[in-house]
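Comments concern the structure below.
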Amino acid sequence: MKQLSGRRALVCGASQGIGAATAAVLAEAGAQVILLARNQANLDSVLRDLPGSHHKALAVDIGQPSQVTALIQRELEAGPIHILINNTAGPKSGLLLEAQADEFLEAFRNHILSAQNFTQLLVPGMRKAGWGRIVNIISTSVKTPIPNLGVSNTIRGAMANWAKTMSLELGPFGITVNNVLPGYTMTPRLEYLRKATAGKLNISEIEVEKQWLATIPMARLGHPLDIAKAVGFLAGVDAGYITGINLPVDGGRTPSL
Ligand SMILES: NC(=O)c1ccc[n+]([C@@H]2O[C@H](COP(=O)([O-])OP(=O)(O)OC[C@H]3O[C@@H](n4cnc5c(N)ncnc54)[C@H](OP(=O)(O)O)[C@@H]3O)[C@@H](O)[C@H]2O)c1
């Protein structure tokens with residue numbers, strides 16, 4: 001029997017990148033996976049490639065809590081969802097000084113309020129099962145802010161404190177809450193950041209990538225599976241005594257301990 005056989009997992013932001021890779025790792029470990037994102041065609045393509053059976057895809061915008069709640073409540077009628085992966089697009093890049101109020105509000109809604117809503121919906125079932133895993137995909141900016149990601153840096157710090165607080169409250173019920181902090185990882189998000197940085201610094205995208213690589217001791221960019229395997233470990237049986245942590249998966253780039 002696989003270690004996550006009989007467990008159900010909800011993976012947000014699962015139509016591409018780190019979320020899609022995480023869904024594949026959890027499915028490989030035996031979990032029954034519910035993929036969630038907005039783009040139905042991309043979700044269907046990820047769904048087709050998942051190992052195992054009884055997976056499904058929900059197309060919804062996590063910024064629409066009433067729609068999300070209705071869909072998840074329907075899923076919970078079939079039984080508890082034991083694993084929650086909070087993950088969505090990062091806020092757009094830009095200087096903090098130039099950031100507008102609506103950018104903060106959107107980021108707060110899509111990251112913090114969304115995670116809060118999913119957690120409130122799923123925790124009763126996890127408590128009944130006496131077992132639960134919540135893993136949040138955040139960023140190394142939790143430890144060291146990244147230049148030109150003003151709103152992102154701000155919201156990631158809030159998310160890390162949300163998660164730590166939640167880990168204190170849920171620990172007694174056998175539910176762990178941890179954060180994975182990806183470094184530069186080859187996904188559509190990184191392609192967007194590479195382009196934005198090249199435009200801002202007036203250099204080529206190749207030069208941007210060279211500058212990034214120079215900051216990474218392992219001398220390569222991350223692959224979505226590098227991140228997904230760490231998420232899979234924290235969501236698995238063997239990580240049962242680990243909660244409230246921030247785990248960088250960044251080839252050694254984060255300078256702080
Ligand atoms: N890649 C990196 O180098 C890196 C580094 C540090 C941190 N991170 C962070 O890690 C997270 C995942 O990164 P990634 O590179 O995999 O990102 P990505 O390629 O931009 O993928 C984001 C996923 O979230 C979904 N999504 C976006 N907005 C949504 C919404 N409103 N409702 C539902 N789903 C939504 C997207 O699908 P739809 O468009 O179909 O909705 C997609 O599946 C992000 O927060 C990112 O900022 C990434």
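In the structure tokens, each chain is lettered A, B, ... as it comes, each chain's residues begin at 1, and ligands are numbered from 1 in order of appearance.
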Neighbouring residues of A:Lys200 were defined as those with any atom within 10 Å, considering only C-alpha atoms; residues of the same chain fewer than 6 positions away were excluded. Please report them as a PyMOL selection string.
chain A and resi 94+148+194
Skip A:Asn87 itself and residues of its chain fewer than 4 positions away, then list as a VMD selection string all residues within 9 Å of it, counting only C-alpha atoms.
chain A and resid 11 to 14 18 to 19 111 115 135 to 138
Selection above as a file: N, CA, C and O atoms, as a PDB file, in the first residue's frame:
ATOM      1  N   VAL A  11      -5.203  20.399  -4.056  1.00  0.00           N
ATOM      2  CA  VAL A  11      -4.018  21.154  -4.481  1.00  0.00           C
ATOM      3  C   VAL A  11      -4.478  22.397  -5.243  1.00  0.00           C
ATOM      4  O   VAL A  11      -5.054  22.296  -6.334  1.00  0.00           O
ATOM      5  N   CYS A  12      -4.243  23.562  -4.656  1.00  0.00           N
ATOM      6  CA  CYS A  12      -4.628  24.816  -5.310  1.00  0.00           C
ATOM      7  C   CYS A  12      -3.519  25.258  -6.273  1.00  0.00           C
ATOM      8  O   CYS A  12      -2.353  24.909  -6.107  1.00  0.00           O
ATOM      9  N   GLY A  13      -3.912  26.027  -7.269  1.00  0.00           N
ATOM     10  CA  GLY A  13      -2.943  26.486  -8.272  1.00  0.00           C
ATOM     11  C   GLY A  13      -2.319  25.313  -8.995  1.00  0.00           C
ATOM     12  O   GLY A  13      -1.111  25.276  -9.247  1.00  0.00           O
ATOM     13  N   ALA A  14      -3.168  24.336  -9.353  1.00  0.00           N
ATOM     14  CA  ALA A  14      -2.647  23.043  -9.821  1.00  0.00           C
ATOM     15  C   ALA A  14      -2.655  22.903 -11.337  1.00  0.00           C
ATOM     16  O   ALA A  14      -2.398  21.819 -11.849  1.00  0.00           O
ATOM     17  N   ILE A  18       4.460  24.710 -10.044  1.00  0.00           N
ATOM     18  CA  ILE A  18       4.710  23.986  -8.793  1.00  0.00           C
ATOM     19  C   ILE A  18       3.467  23.212  -8.344  1.00  0.00           C
ATOM     20  O   ILE A  18       3.563  22.079  -7.859  1.00  0.00           O
ATOM     21  N   GLY A  19       2.285  23.804  -8.515  1.00  0.00           N
ATOM     22  CA  GLY A  19       1.049  23.124  -8.111  1.00  0.00           C
ATOM     23  C   GLY A  19       0.819  21.846  -8.902  1.00  0.00           C
ATOM     24  O   GLY A  19       0.467  20.805  -8.330  1.00  0.00           O
ATOM     25  N   HIS A 111      -4.250  35.189  -1.124  1.00  0.00           N
ATOM     26  CA  HIS A 111      -3.293  34.377  -0.354  1.00  0.00           C
ATOM     27  C   HIS A 111      -3.833  34.100   1.057  1.00  0.00           C
ATOM     28  O   HIS A 111      -4.075  32.947   1.399  1.00  0.00           O
ATOM     29  N   ALA A 115      -6.515  30.986   1.992  1.00  0.00           N
ATOM     30  CA  ALA A 115      -5.980  29.912   2.853  1.00  0.00           C
ATOM     31  C   ALA A 115      -6.839  29.754   4.105  1.00  0.00           C
ATOM     32  O   ALA A 115      -7.106  28.629   4.555  1.00  0.00           O
ATOM     33  N   VAL A 135       0.119  22.477   3.700  1.00  0.00           N
ATOM     34  CA  VAL A 135       1.418  22.973   3.217  1.00  0.00           C
ATOM     35  C   VAL A 135       1.149  24.197   2.343  1.00  0.00           C
ATOM     36  O   VAL A 135       0.315  24.148   1.426  1.00  0.00           O
ATOM     37  N   ASN A 136       1.846  25.274   2.657  1.00  0.00           N
ATOM     38  CA  ASN A 136       1.669  26.528   1.928  1.00  0.00           C
ATOM     39  C   ASN A 136       2.900  26.792   1.069  1.00  0.00           C
ATOM     40  O   ASN A 136       4.026  26.722   1.567  1.00  0.00           O
ATOM     41  N   ILE A 137       2.665  27.082  -0.201  1.00  0.00           N
ATOM     42  CA  ILE A 137       3.785  27.430  -1.076  1.00  0.00           C
ATOM     43  C   ILE A 137       3.948  28.947  -0.984  1.00  0.00           C
ATOM     44  O   ILE A 137       3.069  29.707  -1.425  1.00  0.00           O
ATOM     45  N   ILE A 138       5.066  29.381  -0.408  1.00  0.00           N
ATOM     46  CA  ILE A 138       5.212  30.840  -0.215  1.00  0.00           C
ATOM     47  C   ILE A 138       6.419  31.320  -1.046  1.00  0.00           C
ATOM     48  O   ILE A 138       6.392  31.243  -2.264  1.00  0.00           O
TER      49      ILE A 138
END
Test item: residues lying within 9 Å of ligand 1 with only C-alpha atoms and all ligand atoms, as an NGL selection string:
:A and (12-21 or 36-43 or 59-64 or 87-92 or 110-111 or 136-141 or 152 or 156 or 180-193 or 221-224 or 250)
Would you list the contacts of A:Ala163 as a PyMOL selection string, taking every protein, DNA or RNA residue within 10 Å and counting only C-alpha atoms, but skipping same-chain residues closer than 5 positions in sequence?
chain A and resi 112+115-116+134-136+157-158+168-169+176-179+243-246
Out of stretch 41-231 of chain A, which residues get helix (DSSP H, G or I) from DSSP, as a ChimeraX atom specification?
/A:41-49,65-76,96-98,101-129,140-142,150-173,188-201,205-213,224-231
